[in-house]
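Report on the following structure.
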Amino acid sequence: HYAVITTAVVVGGRRLPPVAAEGDVAEEGRRPRRVLCIFDTGTTGVSMTPGLHAAYYNEAMKSAAAGSIPFSQARRLEFVFEQEGGGELVLDMFAGRHPQYGPGLDLVTMVEEVAWAGIGDPQSLSSYRSPDGRTALGGDVAQGLPFDDVAFLGLGFLLGRRLVFDATGRRLAIDVARTVPPGAAVAPSRAMAGQRV
């Protein structure tokens with residue numbers, strides 16, 4: 001798996017609101033939501049931790065309730081990453097019916113617990129140990145980590161795109177222009193082609 005931390009999450013064309021830094025409730029203490037995105041070809045659309053799922057769903061419902069766009073557009077999901085040379089790379093989820101895979105590539109689900117990230121039920125996390133069995137990782141394990149949430153980005157983000165993983169250089173190159181088979185009903189993307197993150 002390859003993982004990258006986002007600079008923003010966009011739902012229905014609007015960036016999710018900033019989150020409060022730990023212990024800070026003042027507006028000036030807020031920062032963009034940091035999501036550890038794990039590219040996972042075994043996932044269909046995207047699976048995300050409860051805090052991110054709630055923010056996503058609330059933003060989509062708010063946009064749809066305002067009446068300016070239908071729910072199908074309000075739930076469109078994009079993850080924004082910082083590029084190596086500056087600027088942003090936007091990776092969007094496939095929306096619509098794919099001629100070979102059908103309509104499920106934009107499935108958004110919640111994963112209740114990611115124990116290694118300290119996200120989940122405190123009682124369940126309290127028994128989680130590192131692989132060597134010596135270190136208890138439950139509870140406060142997420143404190144100090146450089147992300148707030150975890151998302152597993154699946155085929156809905158990867159299908160039809162060319163990805164190159166450079167394990168030595170710790171880089172990922174993505175051609176975000178999607179190759180779409182004939183007959184696919186697809187919403188237009190605002191992603192930029194040939195960018196690196």
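Ordering of the structure tokens sets the chain letters (A, B, ...), residue numbers begin anew at 1 in every chain, and ligands are numbered from 1 in the order given.
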Step one, run DSSP on the backbone; step two, keep only residues of stretch 29-91 of chain A assigned to alpha helix (DSSP H); then write them as an mmCIF file with all heavy atoms, in the first residue's frame.
data_model
loop_
_atom_site.group_PDB
_atom_site.id
_atom_site.type_symbol
_atom_site.label_atom_id
_atom_site.label_comp_id
_atom_site.auth_asym_id
_atom_site.auth_seq_id
_atom_site.Cartn_x
_atom_site.Cartn_y
_atom_site.Cartn_z
ATOM 1 N N PRO A 50 -14.861 7.205 11.299
ATOM 2 C CA PRO A 50 -16.131 7.849 11.652
ATOM 3 C C PRO A 50 -16.143 9.376 11.598
ATOM 4 O O PRO A 50 -17.116 9.967 11.118
ATOM 5 C CB PRO A 50 -16.398 7.345 13.073
ATOM 6 C CG PRO A 50 -15.728 6.015 13.119
ATOM 7 C CD PRO A 50 -14.484 6.181 12.289
ATOM 8 N N GLY A 51 -15.097 10.036 12.070
ATOM 9 C CA GLY A 51 -15.087 11.503 12.054
ATOM 10 C C GLY A 51 -15.149 12.074 10.654
ATOM 11 O O GLY A 51 -15.881 13.029 10.376
ATOM 12 N N LEU A 52 -14.394 11.487 9.743
ATOM 13 C CA LEU A 52 -14.399 11.937 8.353
ATOM 14 C C LEU A 52 -15.716 11.588 7.686
ATOM 15 O O LEU A 52 -16.276 12.403 6.937
ATOM 16 C CB LEU A 52 -13.227 11.315 7.590
ATOM 17 C CG LEU A 52 -13.125 11.663 6.113
ATOM 18 C CD1 LEU A 52 -13.010 13.171 5.907
ATOM 19 C CD2 LEU A 52 -11.941 10.932 5.482
ATOM 20 N N HIS A 53 -16.245 10.397 7.953
ATOM 21 C CA HIS A 53 -17.518 9.989 7.357
ATOM 22 C C HIS A 53 -18.637 10.942 7.784
ATOM 23 O O HIS A 53 -19.450 11.362 6.955
ATOM 24 C CB HIS A 53 -17.860 8.549 7.739
ATOM 25 C CG HIS A 53 -19.037 8.017 6.992
ATOM 26 N ND1 HIS A 53 -20.326 8.160 7.452
ATOM 27 C CD2 HIS A 53 -19.116 7.363 5.810
ATOM 28 C CE1 HIS A 53 -21.165 7.610 6.584
ATOM 29 N NE2 HIS A 53 -20.464 7.118 5.581
ATOM 30 N N ALA A 54 -18.676 11.312 9.058
ATOM 31 C CA ALA A 54 -19.703 12.241 9.546
ATOM 32 C C ALA A 54 -19.568 13.604 8.872
ATOM 33 O O ALA A 54 -20.564 14.205 8.449
ATOM 34 C CB ALA A 54 -19.614 12.380 11.064
ATOM 35 N N ALA A 55 -18.335 14.103 8.746
ATOM 36 C CA ALA A 55 -18.122 15.403 8.095
ATOM 37 C C ALA A 55 -18.533 15.350 6.628
ATOM 38 O O ALA A 55 -19.161 16.277 6.107
ATOM 39 C CB ALA A 55 -16.655 15.818 8.226
ATOM 40 N N TYR A 56 -18.189 14.262 5.942
ATOM 41 C CA TYR A 56 -18.558 14.066 4.536
ATOM 42 C C TYR A 56 -20.075 14.053 4.376
ATOM 43 O O TYR A 56 -20.642 14.788 3.566
ATOM 44 C CB TYR A 56 -17.945 12.749 4.023
ATOM 45 C CG TYR A 56 -18.631 12.195 2.795
ATOM 46 C CD1 TYR A 56 -18.404 12.742 1.542
ATOM 47 C CD2 TYR A 56 -19.521 11.132 2.899
ATOM 48 C CE1 TYR A 56 -19.036 12.237 0.421
ATOM 49 C CE2 TYR A 56 -20.157 10.626 1.779
ATOM 50 C CZ TYR A 56 -19.919 11.179 0.551
ATOM 51 O OH TYR A 56 -20.560 10.693 -0.553
ATOM 52 N N TYR A 57 -20.743 13.216 5.156
ATOM 53 C CA TYR A 57 -22.191 13.063 5.036
ATOM 54 C C TYR A 57 -22.916 14.370 5.384
ATOM 55 O O TYR A 57 -23.842 14.776 4.674
ATOM 56 C CB TYR A 57 -22.674 11.921 5.931
ATOM 57 C CG TYR A 57 -24.137 11.624 5.765
ATOM 58 C CD1 TYR A 57 -24.602 10.946 4.641
ATOM 59 C CD2 TYR A 57 -25.073 12.050 6.714
ATOM 60 C CE1 TYR A 57 -25.950 10.682 4.476
ATOM 61 C CE2 TYR A 57 -26.428 11.791 6.544
ATOM 62 C CZ TYR A 57 -26.856 11.109 5.434
ATOM 63 O OH TYR A 57 -28.189 10.863 5.257
ATOM 64 N N ASN A 58 -22.491 15.023 6.446
ATOM 65 C CA ASN A 58 -23.133 16.287 6.848
ATOM 66 C C ASN A 58 -22.987 17.354 5.770
ATOM 67 O O ASN A 58 -23.936 18.098 5.483
ATOM 68 C CB ASN A 58 -22.560 16.785 8.176
ATOM 69 C CG ASN A 58 -22.962 15.914 9.343
ATOM 70 O OD1 ASN A 58 -23.961 15.192 9.285
ATOM 71 N ND2 ASN A 58 -22.183 15.959 10.401
ATOM 72 N N GLU A 59 -21.808 17.450 5.170
ATOM 73 C CA GLU A 59 -21.586 18.452 4.115
ATOM 74 C C GLU A 59 -22.437 18.137 2.886
ATOM 75 O O GLU A 59 -23.036 19.030 2.288
ATOM 76 C CB GLU A 59 -20.110 18.514 3.739
ATOM 77 C CG GLU A 59 -19.771 19.605 2.751
ATOM 78 C CD GLU A 59 -20.002 21.007 3.303
ATOM 79 O OE1 GLU A 59 -19.805 21.235 4.506
ATOM 80 O OE2 GLU A 59 -20.400 21.890 2.499
ATOM 81 N N ALA A 60 -22.511 16.855 2.508
ATOM 82 C CA ALA A 60 -23.322 16.470 1.347
ATOM 83 C C ALA A 60 -24.795 16.762 1.597
ATOM 84 O O ALA A 60 -25.486 17.297 0.725
ATOM 85 C CB ALA A 60 -23.112 14.994 1.023
ATOM 86 N N MET A 61 -25.284 16.433 2.778
ATOM 87 C CA MET A 61 -26.698 16.678 3.108
ATOM 88 C C MET A 61 -26.999 18.176 3.151
ATOM 89 O O MET A 61 -28.044 18.607 2.666
ATOM 90 C CB MET A 61 -27.053 16.027 4.448
ATOM 91 C CG MET A 61 -27.080 14.509 4.394
ATOM 92 S SD MET A 61 -28.251 13.852 3.183
ATOM 93 C CE MET A 61 -29.796 14.282 3.960
ATOM 94 N N LYS A 62 -26.073 18.962 3.706
ATOM 95 C CA LYS A 62 -26.263 20.412 3.781
ATOM 96 C C LYS A 62 -26.341 21.024 2.382
ATOM 97 O O LYS A 62 -27.220 21.842 2.101
ATOM 98 C CB LYS A 62 -25.119 21.042 4.585
ATOM 99 C CG LYS A 62 -25.278 22.521 4.834
ATOM 100 C CD LYS A 62 -24.259 23.052 5.831
ATOM 101 C CE LYS A 62 -22.876 23.013 5.261
ATOM 102 N NZ LYS A 62 -21.864 23.639 6.118
ATOM 103 N N SER A 63 -25.446 20.588 1.493
ATOM 104 C CA SER A 63 -25.455 21.119 0.120
ATOM 105 C C SER A 63 -26.725 20.717 -0.620
ATOM 106 O O SER A 63 -27.324 21.527 -1.329
ATOM 107 C CB SER A 63 -24.235 20.618 -0.658
ATOM 108 O OG SER A 63 -23.064 21.167 -0.122
ATOM 109 N N ALA A 64 -27.150 19.469 -0.455
ATOM 110 C CA ALA A 64 -28.362 18.999 -1.131
ATOM 111 C C ALA A 64 -29.599 19.691 -0.575
ATOM 112 O O ALA A 64 -30.513 20.043 -1.328
ATOM 113 C CB ALA A 64 -28.491 17.489 -1.002
ATOM 114 N N ALA A 65 -29.636 19.903 0.740
ATOM 115 C CA ALA A 65 -30.791 20.557 1.373
ATOM 116 C C ALA A 65 -30.928 22.013 0.934
ATOM 117 O O ALA A 65 -32.039 22.549 0.882
ATOM 118 C CB ALA A 65 -30.682 20.471 2.893
ATOM 119 N N PHE A 71 -28.416 15.590 -4.734
ATOM 120 C CA PHE A 71 -27.575 14.814 -3.825
ATOM 121 C C PHE A 71 -26.475 14.063 -4.574
ATOM 122 O O PHE A 71 -25.367 13.921 -4.069
ATOM 123 C CB PHE A 71 -28.419 13.846 -2.991
ATOM 124 C CG PHE A 71 -27.621 13.147 -1.919
ATOM 125 C CD1 PHE A 71 -27.149 13.861 -0.821
ATOM 126 C CD2 PHE A 71 -27.321 11.802 -2.024
ATOM 127 C CE1 PHE A 71 -26.393 13.238 0.165
ATOM 128 C CE2 PHE A 71 -26.567 11.167 -1.047
ATOM 129 C CZ PHE A 71 -26.109 11.884 0.052
ATOM 130 N N SER A 72 -26.745 13.607 -5.795
ATOM 131 C CA SER A 72 -25.732 12.886 -6.566
ATOM 132 C C SER A 72 -24.494 13.746 -6.797
ATOM 133 O O SER A 72 -23.377 13.236 -6.845
ATOM 134 C CB SER A 72 -26.299 12.402 -7.897
ATOM 135 O OG SER A 72 -26.721 13.505 -8.678
ATOM 136 N N GLN A 73 -24.669 15.059 -6.945
ATOM 137 C CA GLN A 73 -23.536 15.966 -7.094
ATOM 138 C C GLN A 73 -23.004 16.410 -5.741
ATOM 139 O O GLN A 73 -21.802 16.604 -5.573
ATOM 140 C CB GLN A 73 -23.928 17.186 -7.923
ATOM 141 C CG GLN A 73 -24.147 16.872 -9.377
ATOM 142 C CD GLN A 73 -24.613 18.099 -10.152
ATOM 143 O OE1 GLN A 73 -24.683 19.208 -9.629
ATOM 144 N NE2 GLN A 73 -24.940 17.895 -11.415
ATOM 145 N N ALA A 74 -23.897 16.567 -4.768
ATOM 146 C CA ALA A 74 -23.490 17.016 -3.434
ATOM 147 C C ALA A 74 -22.569 16.011 -2.758
ATOM 148 O O ALA A 74 -21.755 16.374 -1.925
ATOM 149 C CB ALA A 74 -24.719 17.275 -2.563
#
**Report entry** Sel. of strand (DSSP E or B) residues, stretch 54-154 of chain A, as a list in words
**Finding:**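 For stretch 54-154 of chain A, the strand (DSSP E or B) set is Leu77, Glu78, Phe79, Val80, Phe81, Glu82, Glu88, Leu89, Val90, Leu91, Asp92, His98, Gly102, Val108, Thr109, Met110, Val114, Ile119, Arg129, Ala136, Asp149, Val150, Ala151, Phe152 and Leu153 of chain A.
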Query raised in the report: Counting only C-alpha atoms, which of A:Thr168, A:Ile38, A:Val111, A:Leu89 gets nearest to A:Ala3?
Result: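 Closest candidate: A:Ile38.
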Which polymer residues have any atom within 9 Å of an atom of A:Phe79, counting only C-alpha atoms, with same-chain residues fewer than 6 positions away left out, as a CSV table (one decimal) with all heavy atoms, in the first residue's frame?
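Done, and the output landed in result_0.csv:
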chain,number,residue,atom,x,y,z
A,6,THR,N,-3.5,14.2,3.0
A,6,THR,CA,-4.2,15.3,2.2
A,6,THR,C,-3.9,16.7,2.7
A,6,THR,O,-3.5,16.8,3.9
A,6,THR,CB,-5.7,15.1,2.2
A,6,THR,OG1,-6.2,15.3,3.6
A,6,THR,CG2,-6.2,13.8,1.7
A,7,THR,N,-4.1,17.7,1.9
A,7,THR,CA,-4.2,19.0,2.4
A,7,THR,C,-5.6,19.5,2.5
A,7,THR,O,-5.9,20.5,3.1
A,7,THR,CB,-3.4,20.0,1.4
A,7,THR,OG1,-3.9,19.8,0.1
A,7,THR,CG2,-1.9,19.6,1.4
A,8,ALA,N,-6.5,18.8,1.8
A,8,ALA,CA,-8.0,19.2,1.9
A,8,ALA,C,-8.8,18.0,1.4
A,8,ALA,O,-8.3,17.2,0.7
A,8,ALA,CB,-8.3,20.4,1.1
A,9,VAL,N,-10.1,18.0,1.8
A,9,VAL,CA,-11.1,17.1,1.3
A,9,VAL,C,-12.2,17.9,0.8
A,9,VAL,O,-12.7,18.9,1.5
A,9,VAL,CB,-11.6,16.1,2.5
A,9,VAL,CG1,-12.7,15.2,1.9
A,9,VAL,CG2,-10.4,15.3,3.1
A,10,VAL,N,-12.7,17.6,-0.4
A,10,VAL,CA,-13.7,18.4,-1.1
A,10,VAL,C,-15.0,17.5,-1.2
A,10,VAL,O,-14.9,16.4,-1.8
A,10,VAL,CB,-13.3,18.9,-2.4
A,10,VAL,CG1,-14.4,19.7,-3.1
A,10,VAL,CG2,-12.0,19.8,-2.3
A,11,VAL,N,-16.1,18.0,-0.8
A,11,VAL,CA,-17.4,17.3,-0.9
A,11,VAL,C,-18.4,18.2,-1.6
A,11,VAL,O,-18.6,19.3,-1.2
A,11,VAL,CB,-18.0,17.0,0.5
A,11,VAL,CG1,-19.3,16.3,0.3
A,11,VAL,CG2,-17.0,16.1,1.3
A,35,VAL,N,-6.0,13.9,6.3
A,35,VAL,CA,-6.5,12.6,6.1
A,35,VAL,C,-5.4,11.7,5.6
A,35,VAL,O,-4.8,12.1,4.6
A,35,VAL,CB,-7.7,12.5,5.2
A,35,VAL,CG1,-8.2,11.0,5.0
A,35,VAL,CG2,-8.9,13.3,5.8
A,37,CYS,N,-4.5,9.0,3.4
A,37,CYS,CA,-5.2,8.2,2.3
A,37,CYS,C,-4.3,7.1,2.0
A,37,CYS,O,-3.1,7.2,1.6
A,37,CYS,CB,-5.4,9.1,1.1
A,37,CYS,SG,-6.6,10.4,1.4
A,89,LEU,N,-2.8,18.7,-6.3
A,89,LEU,CA,-3.3,17.6,-7.2
A,89,LEU,C,-4.6,17.2,-6.6
A,89,LEU,O,-4.8,17.0,-5.4
A,89,LEU,CB,-2.3,16.5,-7.1
A,89,LEU,CG,-2.8,15.2,-7.9
A,89,LEU,CD1,-1.7,14.7,-8.8
A,89,LEU,CD2,-3.2,14.2,-7.0
A,90,VAL,N,-5.7,17.1,-7.4
A,90,VAL,CA,-7.0,16.8,-7.0
A,90,VAL,C,-7.3,15.4,-7.6
A,90,VAL,O,-7.3,15.2,-8.8
A,90,VAL,CB,-8.0,17.8,-7.5
A,90,VAL,CG1,-9.4,17.4,-7.0
A,90,VAL,CG2,-7.7,19.2,-7.0
A,91,LEU,N,-7.6,14.4,-6.7
A,91,LEU,CA,-8.0,13.1,-7.1
A,91,LEU,C,-9.5,12.9,-6.8
A,91,LEU,O,-9.8,12.9,-5.6
A,91,LEU,CB,-7.1,12.1,-6.4
A,91,LEU,CG,-7.0,10.7,-6.9
A,91,LEU,CD1,-6.6,10.6,-8.3
A,91,LEU,CD2,-6.1,9.8,-6.0
A,92,ASP,N,-10.3,12.7,-7.8
A,92,ASP,CA,-11.7,12.5,-7.6
A,92,ASP,C,-12.2,11.1,-7.7
A,92,ASP,O,-11.5,10.2,-8.3
A,92,ASP,CB,-12.5,13.4,-8.6
A,92,ASP,CG,-12.3,13.0,-10.0
A,92,ASP,OD1,-11.2,12.5,-10.4
A,92,ASP,OD2,-13.3,13.1,-10.8
A,93,MET,N,-13.3,10.8,-7.1
A,93,MET,CA,-13.9,9.4,-7.2
A,93,MET,C,-14.7,9.3,-8.5
A,93,MET,O,-15.5,10.2,-8.8
A,93,MET,CB,-14.7,9.2,-5.9
A,93,MET,CG,-15.2,7.8,-5.9
A,93,MET,SD,-15.9,7.3,-4.2
A,93,MET,CE,-17.1,8.5,-4.0
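The smallest atom-to-atom distance between A:Val114 and any of A:Thr49, A:Gln100, A:Ser127, A:Gln83, using only C-alpha atoms, is found for A:Thr49.
The coordinates place atom CA of A:Glu84 at 11.2 Å from atom CA of A:Arg170.
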Requested in this report: Please indicate the distance in Å from atom CA of A:Leu153 to atom CA of A:Gly85, rounded to one decimal place.
Outcome: 23.5 Å
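Here atom CA of A:Gly118 is placed at a distance of 27.2 Å from atom CA of A:Phe165.
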Query - Pick from A:Glu82, A:Asp106, A:Asp148, A:Glu112 nearest to A:Pro18, counting only C-alpha atoms - result: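 Among the listed residues, A:Asp148 lies closest to A:Pro18.
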Query - Best match for closeness to A:Phe157 among A:Pro103, A:Ser47, A:Phe94, A:Gly86, counting only C-alpha atoms - result: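 Closest candidate: A:Phe94.
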Report task. Pick out the closest residue to A:Gly13 from this set: A:Arg34, A:Gly42, A:Ile69, A:Leu163. Count only C-alpha atoms. Result ->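 When distances to A:Gly13 are compared using only C-alpha atoms, the smallest one comes from A:Ile69.
Nearest residue to A:Arg33 among A:Pro146, A:Gly160, A:Gly104, A:Pro99 is A:Pro146, counting only C-alpha atoms.
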